[in-house]
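J.: Dropping in model14.txt, which is compact mmCIF, C-alpha atoms and all ligand atoms:
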# COMPACT_ATOMS: atom_id res chain seq x y z
CA PHE A 188 -9.28 12.11 -27.36
CA ARG A 189 -5.88 13.85 -27.10
CA LYS A 190 -6.64 15.90 -30.24
CA LYS A 191 -10.02 16.93 -28.98
CA TYR A 192 -8.74 17.84 -25.53
CA PRO A 193 -5.24 19.38 -25.52
CA ALA A 194 -2.60 17.45 -23.62
CA GLU A 195 -2.70 19.56 -20.50
CA ARG A 196 -6.42 18.93 -19.99
CA PHE A 197 -6.96 15.47 -18.64
CA ILE A 198 -10.75 15.59 -18.67
CA PRO A 199 -13.25 17.30 -20.95
CA PRO A 200 -14.64 20.67 -19.85
CA ALA A 201 -17.77 20.45 -17.70
CA LYS A 202 -21.15 20.22 -19.45
CA ASP A 203 -24.59 20.99 -18.10
CA LEU A 204 -25.78 18.41 -15.61
CA LYS A 205 -28.30 15.98 -17.08
CA LYS A 206 -31.60 15.38 -15.29
CA SER A 207 -30.71 11.78 -14.50
CA TYR A 208 -27.95 9.19 -14.60
CA ASP A 209 -27.67 5.47 -14.00
CA VAL A 210 -25.14 6.12 -11.26
CA VAL A 211 -24.23 9.26 -9.33
CA ILE A 212 -20.97 9.18 -7.36
CA ILE A 213 -20.61 11.70 -4.56
CA GLY A 214 -16.95 12.68 -4.20
CA GLY A 215 -14.18 13.28 -6.73
CA GLY A 216 -11.19 11.70 -5.00
CA GLY A 217 -9.18 8.64 -5.99
CA HIS A 218 -11.72 6.07 -4.76
CA ALA A 219 -14.67 7.77 -6.45
CA LEU A 220 -12.84 8.17 -9.75
CA ALA A 221 -11.57 4.60 -9.63
CA CYS A 222 -15.13 3.37 -9.15
CA ALA A 223 -16.33 5.50 -12.07
CA TYR A 224 -13.56 4.05 -14.24
CA TYR A 225 -14.31 0.40 -13.39
CA LEU A 226 -18.07 0.93 -13.77
CA ALA A 227 -17.46 2.09 -17.33
CA HIS A 228 -14.51 -0.13 -18.19
CA THR A 229 -15.51 -3.44 -16.61
CA HIS A 230 -19.30 -3.23 -16.41
CA GLY A 231 -20.13 -1.07 -19.43
CA ILE A 232 -22.04 1.40 -17.23
CA THR A 233 -21.11 4.77 -18.71
CA ASN A 234 -24.11 6.95 -17.85
CA VAL A 235 -22.28 7.93 -14.68
CA CYS A 236 -21.80 11.33 -13.07
CA VAL A 237 -19.12 12.20 -10.50
CA LEU A 238 -20.00 15.18 -8.28
CA GLU A 239 -17.12 16.87 -6.49
CA ARG A 240 -17.71 19.88 -4.26
CA GLY A 241 -14.17 21.25 -4.74
CA TYR A 242 -11.56 20.14 -7.25
CA LEU A 243 -10.55 16.65 -8.31
CA ALA A 244 -8.49 14.74 -5.76
CA GLY A 245 -8.21 17.79 -3.49
CA GLY A 246 -9.13 15.94 -0.29
CA ASN A 247 -7.31 13.02 1.26
CA THR A 248 -6.02 11.85 -2.13
CA ALA A 249 -3.79 14.93 -2.05
CA ARG A 250 -2.98 14.66 1.64
CA ASN A 251 -1.49 11.24 2.29
CA THR A 252 2.03 9.81 2.28
CA ALA A 253 1.48 7.55 -0.74
CA ILE A 254 2.47 4.23 0.84
CA ILE A 255 1.27 0.96 -0.72
CA ARG A 256 1.55 -2.39 1.08
CA SER A 257 -0.42 -5.53 1.84
CA ASN A 258 1.26 -6.77 5.06
CA TYR A 259 -1.91 -6.68 7.15
CA LEU A 260 -2.85 -8.74 10.18
CA THR A 261 -6.16 -10.40 9.27
CA PRO A 262 -6.67 -12.71 6.27
CA GLU A 263 -9.56 -10.45 5.14
CA GLY A 264 -7.29 -7.41 5.16
CA VAL A 265 -4.34 -9.17 3.51
CA ARG A 266 -6.45 -10.52 0.61
CA PHE A 267 -8.05 -7.13 0.01
CA TYR A 268 -4.87 -5.02 0.04
CA GLU A 269 -2.95 -7.64 -1.93
CA GLN A 270 -5.46 -7.28 -4.78
CA SER A 271 -4.88 -3.52 -4.64
CA LEU A 272 -1.14 -4.01 -4.89
CA LYS A 273 -1.62 -6.23 -7.95
CA LEU A 274 -3.74 -3.55 -9.62
CA TYR A 275 -1.15 -0.89 -8.75
CA ARG A 276 1.63 -2.92 -10.40
CA GLU A 277 -0.22 -2.92 -13.71
CA PHE A 278 -1.70 0.54 -13.29
CA SER A 279 0.61 2.66 -15.49
CA GLN A 280 0.30 0.14 -18.31
CA GLU A 281 -3.46 -0.27 -18.10
CA LEU A 282 -4.29 3.43 -17.72
CA ASP A 283 -1.43 4.65 -19.97
CA PHE A 284 -0.40 7.11 -17.27
CA ASN A 285 2.88 7.10 -15.37
CA ILE A 286 2.13 7.02 -11.65
CA LEU A 287 5.83 6.68 -10.67
CA TYR A 288 5.12 3.35 -8.99
CA SER A 289 8.30 2.48 -7.13
CA GLU A 290 8.86 -0.75 -5.20
CA ARG A 291 10.99 0.07 -2.14
CA GLY A 292 10.64 -2.60 0.52
CA HIS A 293 8.70 -1.74 3.67
CA PHE A 294 10.19 -2.09 7.16
CA THR A 295 7.99 -1.99 10.26
CA LEU A 296 10.48 -1.70 13.09
CA ALA A 297 9.89 -3.51 16.37
CA HIS A 298 11.33 -1.97 19.53
CA THR A 299 9.61 -4.17 22.13
CA ASP A 300 9.00 -7.90 22.68
CA ALA A 301 5.29 -7.33 22.01
CA ALA A 302 6.06 -5.64 18.67
CA VAL A 303 8.36 -8.53 17.68
CA ARG A 304 5.52 -10.96 18.45
CA THR A 305 3.03 -8.96 16.32
CA SER A 306 5.58 -8.83 13.48
CA ARG A 307 5.91 -12.61 13.54
CA TRP A 308 2.14 -12.98 13.61
CA ARG A 309 1.75 -10.67 10.61
CA ALA A 310 4.59 -12.40 8.73
CA GLU A 311 2.97 -15.82 9.22
CA VAL A 312 -0.51 -14.65 8.13
CA ASN A 313 1.04 -12.90 5.12
CA LYS A 314 3.04 -15.96 4.05
CA GLN A 315 0.01 -18.23 4.36
CA LEU A 316 -1.73 -15.98 1.83
CA GLY A 317 1.22 -15.76 -0.55
CA VAL A 318 2.31 -12.27 0.52
CA ASN A 319 6.04 -11.69 0.81
CA SER A 320 6.78 -10.67 4.44
CA GLU A 321 9.22 -11.92 7.02
CA LEU A 322 10.48 -11.13 10.49
CA ILE A 323 14.12 -10.05 10.35
CA TYR A 324 16.64 -9.20 13.07
CA PRO A 325 19.16 -6.36 13.61
CA ASP A 326 22.03 -7.78 11.51
CA GLU A 327 19.84 -8.08 8.47
CA ILE A 328 18.10 -4.76 9.09
CA ALA A 329 21.52 -3.06 9.22
CA ARG A 330 22.53 -4.76 5.95
CA LEU A 331 19.35 -3.86 4.09
CA CYS A 332 18.87 -0.41 5.55
CA PRO A 333 22.34 0.90 6.45
CA HIS A 334 21.26 4.42 7.43
CA LEU A 335 19.23 3.39 10.46
CA ASN A 336 20.64 3.99 13.91
CA MET A 337 21.03 0.41 15.16
CA SER A 338 22.69 1.36 18.46
CA ASP A 339 21.44 -0.39 21.59
CA LYS A 340 22.28 2.71 23.64
CA VAL A 341 19.09 4.55 22.64
CA ARG A 342 15.67 4.87 24.25
CA TYR A 343 14.05 2.32 21.93
CA PRO A 344 16.68 0.04 20.32
CA ILE A 345 15.56 -1.73 17.15
CA MET A 346 14.96 -5.41 18.07
CA GLY A 347 13.54 -6.66 14.76
CA ALA A 348 11.40 -5.67 11.82
CA LEU A 349 8.58 -6.95 9.67
CA TYR A 350 10.18 -6.77 6.21
CA HIS A 351 7.74 -6.58 3.29
CA PRO A 352 9.71 -6.32 0.01
CA PRO A 353 6.68 -5.39 -2.19
CA GLY A 354 5.99 -2.22 -0.15
CA SER A 355 5.87 0.68 -2.62
CA ILE A 356 5.14 4.34 -3.16
CA ALA A 357 3.45 6.11 -6.10
CA ARG A 358 2.53 9.62 -7.19
CA HIS A 359 -0.85 10.07 -5.47
CA ASP A 360 -2.34 12.81 -7.68
CA ALA A 361 -1.44 10.86 -10.81
CA VAL A 362 -3.53 7.93 -9.58
CA ALA A 363 -6.64 10.10 -9.42
CA TRP A 364 -5.91 11.93 -12.68
CA ALA A 365 -5.39 8.63 -14.50
CA TYR A 366 -8.72 7.27 -13.29
CA ALA A 367 -10.45 10.56 -14.13
CA ARG A 368 -9.06 10.57 -17.66
CA GLY A 369 -9.79 6.84 -18.11
CA ALA A 370 -13.38 7.26 -16.94
CA ALA A 371 -13.96 10.41 -19.02
CA LYS A 372 -12.67 8.69 -22.14
CA LEU A 373 -15.38 6.06 -21.64
CA GLY A 374 -18.14 8.66 -21.25
CA VAL A 375 -18.30 9.34 -17.51
CA GLU A 376 -19.14 12.98 -16.67
CA ILE A 377 -17.04 14.66 -14.00
CA HIS A 378 -18.48 17.80 -12.40
CA GLN A 379 -16.22 19.78 -10.09
CA GLN A 380 -17.39 22.66 -7.88
CA THR A 381 -20.70 20.83 -7.50
CA PRO A 382 -21.55 20.00 -3.88
CA VAL A 383 -24.37 17.66 -2.97
CA THR A 384 -26.67 19.57 -0.63
CA LYS A 385 -29.39 16.97 -0.11
CA ILE A 386 -29.88 13.27 -0.77
CA LEU A 387 -33.35 12.34 -1.97
CA VAL A 388 -34.69 9.19 -0.31
CA GLU A 389 -38.27 7.92 -0.75
CA ASN A 390 -39.62 4.89 1.09
CA GLY A 391 -36.11 3.80 2.02
CA THR A 392 -34.77 4.00 -1.56
CA VAL A 393 -32.44 6.66 -2.91
CA LYS A 394 -33.84 8.65 -5.84
CA GLY A 395 -31.17 11.25 -6.49
CA VAL A 396 -29.37 14.25 -5.07
CA GLU A 397 -29.76 18.00 -4.98
CA THR A 398 -26.98 20.39 -5.95
CA PRO A 399 -26.83 24.18 -6.40
CA ARG A 400 -26.96 23.42 -10.14
CA GLY A 401 -30.24 21.52 -9.84
CA THR A 402 -31.70 18.14 -8.89
CA VAL A 403 -30.07 15.05 -10.34
CA TYR A 404 -32.02 11.77 -10.35
CA ALA A 405 -30.17 8.47 -10.24
CA ASN A 406 -30.91 4.75 -10.12
CA ARG A 407 -27.94 4.23 -7.84
CA VAL A 408 -25.82 6.55 -5.72
CA MET A 409 -22.47 5.95 -4.05
CA GLN A 410 -20.60 8.13 -1.57
CA ALA A 411 -16.80 8.08 -1.40
CA VAL A 412 -15.99 11.21 0.57
CA ALA A 413 -13.22 10.39 3.03
CA GLY A 414 -13.07 13.02 5.76
CA ASN A 415 -16.75 13.95 5.32
CA THR A 416 -18.27 10.50 5.47
CA SER A 417 -20.47 10.93 8.54
CA MET A 418 -21.95 14.20 7.31
CA VAL A 419 -22.86 12.87 3.88
CA ALA A 420 -24.26 9.62 5.35
CA LYS A 421 -26.39 11.77 7.68
CA MET A 422 -27.93 13.44 4.61
CA ALA A 423 -28.86 9.94 3.40
CA GLY A 424 -30.42 9.26 6.82
CA PHE A 425 -28.10 6.84 8.60
CA ARG A 426 -25.29 6.97 11.16
CA LEU A 427 -21.86 5.34 11.06
CA PRO A 428 -19.41 4.34 13.82
CA ILE A 429 -16.81 6.79 12.56
CA ARG A 430 -14.77 9.51 14.32
CA THR A 431 -12.95 12.02 12.17
CA ILE A 432 -9.44 13.03 13.27
CA PRO A 433 -6.69 15.04 11.57
CA LEU A 434 -3.50 13.31 10.45
CA GLN A 435 -0.57 15.60 9.75
CA ALA A 436 2.43 14.99 7.53
CA CYS A 437 5.34 16.94 6.06
CA VAL A 438 8.20 16.79 3.57
CA SER A 439 11.82 17.86 3.85
CA VAL A 440 13.71 19.88 1.28
CA PRO A 441 14.84 17.61 -1.58
CA LEU A 442 17.95 15.56 -0.82
CA LYS A 443 20.13 13.35 -2.98
CA PRO A 444 18.54 9.88 -3.07
CA PHE A 445 19.81 7.90 -0.07
CA LEU A 446 16.78 6.21 1.48
CA ASP A 447 15.53 3.44 -0.80
CA GLN A 448 13.21 1.89 1.76
CA ILE A 449 9.97 2.81 3.49
CA VAL A 450 10.63 2.81 7.23
CA VAL A 451 7.89 2.70 9.85
CA SER A 452 8.24 2.73 13.60
CA GLY A 453 5.03 2.28 15.56
CA SER A 454 6.72 2.90 18.92
CA LEU A 455 8.42 6.10 17.73
CA HIS A 456 5.36 7.19 15.73
CA VAL A 457 7.32 7.71 12.51
CA TYR A 458 6.95 6.64 8.90
CA VAL A 459 9.25 7.92 6.21
CA SER A 460 10.15 7.34 2.58
CA GLN A 461 12.07 9.39 0.02
CA SER A 462 10.03 10.54 -2.96
CA SER A 463 11.24 10.37 -6.54
CA ARG A 464 12.15 14.07 -6.33
CA GLY A 465 14.22 13.59 -3.20
CA GLU A 466 11.93 14.90 -0.47
CA LEU A 467 11.62 12.86 2.69
CA VAL A 468 7.90 12.25 3.08
CA MET A 469 7.16 11.90 6.79
CA GLY A 470 4.28 11.41 9.16
CA GLY A 471 3.60 10.41 12.73
CA SER A 472 0.46 9.77 14.74
CA THR A 473 -3.01 11.18 14.37
CA ASP A 474 -3.87 14.30 16.35
CA PRO A 475 -5.23 13.31 19.75
CA TYR A 476 -8.70 14.84 19.27
CA GLY A 477 -11.57 14.76 16.80
CA LEU A 478 -11.69 17.86 14.58
CA TYR A 479 -12.71 18.91 11.07
CA SER A 480 -9.67 21.01 10.21
CA THR A 481 -6.61 20.52 8.04
CA ARG A 482 -4.39 23.03 9.84
CA SER A 483 -0.77 22.24 10.73
CA THR A 484 0.75 22.51 14.20
CA LEU A 485 4.22 23.12 15.60
CA ASP A 486 3.55 20.46 18.19
CA PHE A 487 3.29 17.79 15.48
CA LYS A 488 6.50 18.86 13.79
CA GLU A 489 8.50 18.93 17.01
CA GLY A 490 7.25 15.51 18.09
CA LEU A 491 7.76 13.82 14.73
CA LEU A 492 11.18 15.28 13.98
CA GLY A 493 12.53 14.47 17.44
CA HIS A 494 11.67 10.83 16.79
CA MET A 495 13.01 10.96 13.23
CA LEU A 496 16.40 11.97 14.62
CA GLU A 497 16.45 8.95 16.90
CA LEU A 498 16.21 6.73 13.81
CA LEU A 499 18.25 8.81 11.36
CA PRO A 500 20.50 11.17 13.40
CA MET A 501 22.41 12.42 10.35
CA LEU A 502 19.31 14.42 9.31
CA GLY A 503 19.90 17.01 12.06
CA GLU A 504 20.47 19.93 9.66
CA VAL A 505 17.75 19.06 7.15
CA LYS A 506 14.89 21.56 6.82
CA VAL A 507 11.19 20.91 6.55
CA LEU A 508 9.75 22.29 3.33
CA ARG A 509 6.01 21.80 3.59
CA GLN A 510 3.41 20.57 6.07
CA TRP A 511 -0.22 19.52 5.64
CA ALA A 512 -3.01 17.45 7.16
CA GLY A 513 -5.71 15.08 5.97
CA MET A 514 -8.97 14.10 7.69
CA THR A 515 -9.11 10.48 8.75
CA ASP A 516 -12.45 8.70 9.21
CA MET A 517 -11.56 6.21 11.95
CA THR A 518 -13.58 3.05 12.51
CA PRO A 519 -13.45 1.08 15.79
CA ASP A 520 -11.64 -1.90 14.21
CA PHE A 521 -9.37 0.02 11.81
CA SER A 522 -10.96 -1.62 8.76
CA PRO A 523 -13.12 0.15 6.18
CA ILE A 524 -16.92 0.18 5.93
CA MET A 525 -17.92 -0.74 2.38
CA GLY A 526 -20.87 -1.99 0.40
CA LEU A 527 -24.63 -1.77 0.86
CA THR A 528 -26.27 0.60 3.34
CA PRO A 529 -29.64 0.82 5.11
CA VAL A 530 -30.86 2.90 2.13
CA LYS A 531 -31.68 0.81 -0.95
CA ASN A 532 -29.49 1.51 -4.00
CA TYR A 533 -27.21 3.72 -1.89
CA TYR A 534 -23.66 2.40 -1.49
CA ILE A 535 -20.75 3.43 0.68
CA ASP A 536 -16.97 3.39 0.42
CA SER A 537 -15.79 4.71 3.78
CA GLY A 538 -13.86 4.27 7.01
CA TRP A 539 -10.57 4.98 5.30
CA GLY A 540 -8.87 6.17 8.47
CA THR A 541 -5.13 6.28 7.82
CA TRP A 542 -5.05 3.52 5.18
CA GLY A 543 -7.03 4.73 2.16
CA PHE A 544 -4.53 5.59 -0.58
CA LYS A 545 -3.14 2.08 -0.90
CA ALA A 546 -6.68 0.73 -1.37
CA THR A 547 -7.66 3.07 -4.21
CA PRO A 548 -7.66 0.57 -7.11
CA VAL A 549 -9.25 -2.30 -5.19
CA CYS A 550 -11.96 0.02 -3.84
CA GLY A 551 -12.80 1.19 -7.33
CA MET A 552 -12.90 -2.36 -8.63
CA THR A 553 -14.97 -3.84 -5.78
CA MET A 554 -17.37 -0.90 -5.43
CA ALA A 555 -18.06 -0.91 -9.18
CA HIS A 556 -18.88 -4.63 -8.94
CA THR A 557 -21.08 -4.00 -5.89
CA ILE A 558 -23.03 -1.22 -7.62
CA ALA A 559 -23.38 -3.09 -10.91
CA ASN A 560 -24.71 -6.22 -9.17
CA ASP A 561 -26.41 -4.65 -6.14
CA SER A 562 -24.44 -7.21 -4.15
CA PRO A 563 -21.10 -6.83 -2.33
CA HIS A 564 -17.97 -8.10 -4.04
CA ASP A 565 -16.49 -11.10 -2.15
CA LEU A 566 -13.40 -9.11 -1.12
CA ILE A 567 -15.46 -6.47 0.71
CA LYS A 568 -18.06 -8.74 2.35
CA PRO A 569 -16.12 -8.70 5.66
CA PHE A 570 -16.29 -4.89 5.70
CA TYR A 571 -20.11 -4.66 5.90
CA LEU A 572 -21.60 -2.02 8.18
CA ASP A 573 -23.55 -4.36 10.47
CA ARG A 574 -20.39 -6.13 11.66
CA PHE A 575 -20.30 -3.67 14.54
CA VAL A 576 -23.61 -4.91 15.92
CA GLU A 577 -22.91 -8.54 15.06
CA TYR A 578 -19.47 -8.62 16.76
CA ALA A 579 -17.74 -9.49 13.50
CA GLN A 580 -15.08 -6.80 13.54
CA VAL A 581 -11.94 -7.15 11.40
CA GLY A 582 -9.27 -5.92 13.85
CA GLU A 583 -6.42 -4.23 12.00
CA LYS A 584 -5.11 -1.85 14.66
CA GLY A 585 -1.94 -3.93 14.99
CA ALA A 586 -1.17 -3.38 11.30
CA ALA A 587 -1.70 0.40 11.17
CA SER A 588 1.55 2.25 10.50
CA VAL A 589 0.18 5.31 12.21
CA GLY A 590 0.19 5.67 15.99
CA HIS A 591 -3.20 6.39 17.59
O1 LIG A 601 -1.04 2.43 6.39
O2 LIG A 601 0.92 2.33 5.48
C1 LIG A 601 0.03 2.95 6.05
C2 LIG A 601 0.21 4.38 6.31
C3 LIG A 601 1.34 5.09 6.24
C4 LIG A 601 1.04 6.38 6.56
C5 LIG A 601 -0.28 6.45 6.82
N1 LIG A 601 -0.79 5.21 6.66
Just give me the structure as structure tokens.
Ligand code: PYC

T.:
Amino acid sequence: FRKKYPAERFIPPAKDLKKSYDVVIIGGGGHALACAYYLAHTHGITNVCVLERGYLAGGNTARNTAIIRSNYLTPEGVRFYEQSLKLYREFSQELDFNILYSERGHFTLAHTDAAVRTSRWRAEVNKQLGVNSELIYPDEIARLCPHLNMSDKVRYPIMGALYHPPGSIARHDAVAWAYARGAAKLGVEIHQQTPVTKILVENGTVKGVETPRGTVYANRVMQAVAGNTSMVAKMAGFRLPIRTIPLQACVSVPLKPFLDQIVVSGSLHVYVSQSSRGELVMGGSTDPYGLYSTRSTLDFKEGLLGHMLELLPMLGEVKVLRQWAGMTDMTPDFSPIMGLTPVKNYYIDSGWGTWGFKATPVCGMTMAHTIANDSPHDLIKPFYLDRFVEYAQVGEKGAASVGH
């Protein structure tokens, strides 16, 4: 494979589209490529075509802050994200691609009695399910994370933290490239610059899609298009309880490594880690309005950096290098919507709000299983679409790192 395709090309050059495939995947981000890989690798389904309207991993896969953790609030969430973390740990080995997976320890700071209570709740649920999390108090926080401002003379003193040692970061683009290369090696076709303009549905069953390069028929179709979920689902003929909101982030100029941990403060609307090349990767809350735009704002930067300085005052002279935004598809319960849809043979991987990157491997694995068997994988059964009419929501708002 390497001889045929020179080292710098991770996937073979595009071919003509075939008239039909066993599976068409709409979207060429991390989740879509992971699903393509597991379809081919685990289920032997290789007549698969990935259709990406832009370039590979150019959407939310490229626009997140690369945090991986499984310290959720509900047992359904914890089990799901814990499986993702396990897949991430073995990722570089299995895919033969270095994703710079780096275990840092994840601190969710609590500045109020209510936040301390939620931290204890999460720690207990996590421990019950074998996930390493505990509630710790200021002395221990200061020992483990000596750079934090632990003064009690500030607006929001740190009263405790949910400490999750397995919390990690990884190189986000590499995750998508590895899945793309792994899938392509097994025969999956990846077509960039190929938007889906129409979804063909007859008598409630999907038949294929239209693109500017022609009609493509398929036995099964999946959409994994975070940020555009509602619009693509509308083409298939159904509606979703999703609002799309921008989430901005930024990085500082590179600094000598000093921050080993991932630090999150819900009350101060801050999350920060230091990347392997020294940049502080930072984000805050979602923008306060629905919008389809990835522009950056001064307002965001001022708000976030003011709060950053409350936690890490010695950063006063550090400059911001780069700013960006992703589009978050928010669900009412802060859990994803995955699995079957009202259209037969049409599957969905959606509702990735502000928590999608960490779920990339487990989404690929469970969606591939769901498509191969036309039946939802056990881990995603709780995330079925109809839970919103059956009052079976999986409430994860208390475990979101991002303020809303
Ligand atoms: O869910 O850990 C998270 C997260 C961090 C930044 C955005 N989401």

J.: For range 243-246 of chain A, please output as a PyMOL selection string all residues within 12 Å (counting all atoms listed in the file; exclusion window: fewer than 3 positions along the same chain).

T.: chain A and resi 197-198+213-221+237-240+249-251+359-368+377-381+411-415+480-481+511-515+543-544+547

J.: Please check which protein, DNA or RNA residues sit within 8 Å of ligand LIG 601 (chain A), counting all atoms listed in the file, and write them as a count of residues only.

T.: 18

J.: Quick one: residues within 6 Å of range 428-440 of chain A, all atoms listed in the file counted, chain neighbours fewer than 4 positions away excluded, as a list in words?

T.: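 Final neighbour list, sorted by chain and number: Glu466, Leu467, Val468, Met469, Gly470, Thr473, Asp474, Gly477, Leu478, Lys506, Val507, Leu508, Arg509, Gln510, Trp511, Ala512, Gly513, Met514, Thr515, Asp516, Met517 and Thr518 of chain A.
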
J.: Go ahead and save the picked residues with C-alpha atoms, as a PDB file, keeping the file's coordinate frame.

T.:
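Everything below was put into again.pdb:
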ATOM      1  CA  GLU A 466      11.930  14.900  -0.470  1.00  0.00           C
ATOM      2  CA  LEU A 467      11.620  12.860   2.690  1.00  0.00           C
ATOM      3  CA  VAL A 468       7.900  12.250   3.080  1.00  0.00           C
ATOM      4  CA  MET A 469       7.160  11.900   6.790  1.00  0.00           C
ATOM      5  CA  GLY A 470       4.280  11.410   9.160  1.00  0.00           C
ATOM      6  CA  THR A 473      -3.010  11.180  14.370  1.00  0.00           C
ATOM      7  CA  ASP A 474      -3.870  14.300  16.350  1.00  0.00           C
ATOM      8  CA  GLY A 477     -11.570  14.760  16.800  1.00  0.00           C
ATOM      9  CA  LEU A 478     -11.690  17.860  14.580  1.00  0.00           C
ATOM     10  CA  LYS A 506      14.890  21.560   6.820  1.00  0.00           C
ATOM     11  CA  VAL A 507      11.190  20.910   6.550  1.00  0.00           C
ATOM     12  CA  LEU A 508       9.750  22.290   3.330  1.00  0.00           C
ATOM     13  CA  ARG A 509       6.010  21.800   3.590  1.00  0.00           C
ATOM     14  CA  GLN A 510       3.410  20.570   6.070  1.00  0.00           C
ATOM     15  CA  TRP A 511      -0.220  19.520   5.640  1.00  0.00           C
ATOM     16  CA  ALA A 512      -3.010  17.450   7.160  1.00  0.00           C
ATOM     17  CA  GLY A 513      -5.710  15.080   5.970  1.00  0.00           C
ATOM     18  CA  MET A 514      -8.970  14.100   7.690  1.00  0.00           C
ATOM     19  CA  THR A 515      -9.110  10.480   8.750  1.00  0.00           C
ATOM     20  CA  ASP A 516     -12.450   8.700   9.210  1.00  0.00           C
ATOM     21  CA  MET A 517     -11.560   6.210  11.950  1.00  0.00           C
ATOM     22  CA  THR A 518     -13.580   3.050  12.510  1.00  0.00           C
TER      23      THR A 518
END

J.: Which residues are close to Leu331 in chain A, i.e. within 10 Å by all atoms listed in the file, leaving aside same-chain residues fewer than 6 positions away? Reply as number ranges by chain.

T.: A: 292, 294, 325, 350, 447-448

J.: Take the residues from that selection and write them out as a PDB file, in the frame of the given file, keeping C-alpha atoms.

T.:
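What landed in part-v6.pdb:
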ATOM      1  CA  GLY A 292      10.640  -2.600   0.520  1.00  0.00           C
ATOM      2  CA  PHE A 294      10.190  -2.090   7.160  1.00  0.00           C
ATOM      3  CA  PRO A 325      19.160  -6.360  13.610  1.00  0.00           C
ATOM      4  CA  TYR A 350      10.180  -6.770   6.210  1.00  0.00           C
ATOM      5  CA  ASP A 447      15.530   3.440  -0.800  1.00  0.00           C
ATOM      6  CA  GLN A 448      13.210   1.890   1.760  1.00  0.00           C
TER       7      GLN A 448
END

J.: Hey, can you check how far CA of Gly538 in chain A sits from CA of Lys372 in chain A?

T.: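 Going from CA of Gly538 in chain A over to CA of Lys372 in chain A covers 29.5 Å.
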
J.: Mind completing range 432-442 of chain A with N, CA, C and O atoms? Output as a tab-separated table (two decimals), in the coordinates of the input, please?

T.:
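part.tsv written:
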chain	number	residue	atom	x	y	z
A	432	ILE	N	-10.61	12.50	12.55
A	432	ILE	CA	-9.44	13.03	13.27
A	432	ILE	C	-8.41	13.50	12.26
A	432	ILE	O	-8.19	12.82	11.25
A	433	PRO	N	-7.74	14.63	12.51
A	433	PRO	CA	-6.69	15.04	11.57
A	433	PRO	C	-5.45	14.15	11.65
A	433	PRO	O	-5.10	13.66	12.73
A	434	LEU	N	-4.80	13.99	10.52
A	434	LEU	CA	-3.50	13.31	10.45
A	434	LEU	C	-2.55	14.23	9.69
A	434	LEU	O	-2.80	14.55	8.53
A	435	GLN	N	-1.51	14.65	10.37
A	435	GLN	CA	-0.57	15.60	9.75
A	435	GLN	C	0.62	14.88	9.13
A	435	GLN	O	0.97	13.77	9.54
A	436	ALA	N	1.23	15.54	8.17
A	436	ALA	CA	2.43	14.99	7.53
A	436	ALA	C	3.28	16.16	7.05
A	436	ALA	O	2.84	17.32	7.10
A	437	CYS	N	4.50	15.87	6.59
A	437	CYS	CA	5.34	16.94	6.06
A	437	CYS	C	6.40	16.35	5.12
A	437	CYS	O	6.59	15.14	5.09
A	438	VAL	N	7.05	17.24	4.37
A	438	VAL	CA	8.20	16.79	3.57
A	438	VAL	C	9.39	17.68	3.87
A	438	VAL	O	9.24	18.86	4.21
A	439	SER	N	10.58	17.09	3.70
A	439	SER	CA	11.82	17.86	3.85
A	439	SER	C	12.14	18.53	2.53
A	439	SER	O	11.52	18.24	1.50
A	440	VAL	N	13.14	19.39	2.55
A	440	VAL	CA	13.71	19.88	1.28
A	440	VAL	C	14.22	18.67	0.52
A	440	VAL	O	14.53	17.63	1.11
A	441	PRO	N	14.34	18.77	-0.82
A	441	PRO	CA	14.84	17.61	-1.58
A	441	PRO	C	16.30	17.29	-1.25
A	441	PRO	O	17.11	18.20	-1.11
A	442	LEU	N	16.58	16.01	-1.11
A	442	LEU	CA	17.95	15.56	-0.82
A	442	LEU	C	18.35	14.56	-1.90
A	442	LEU	O	17.49	13.96	-2.54
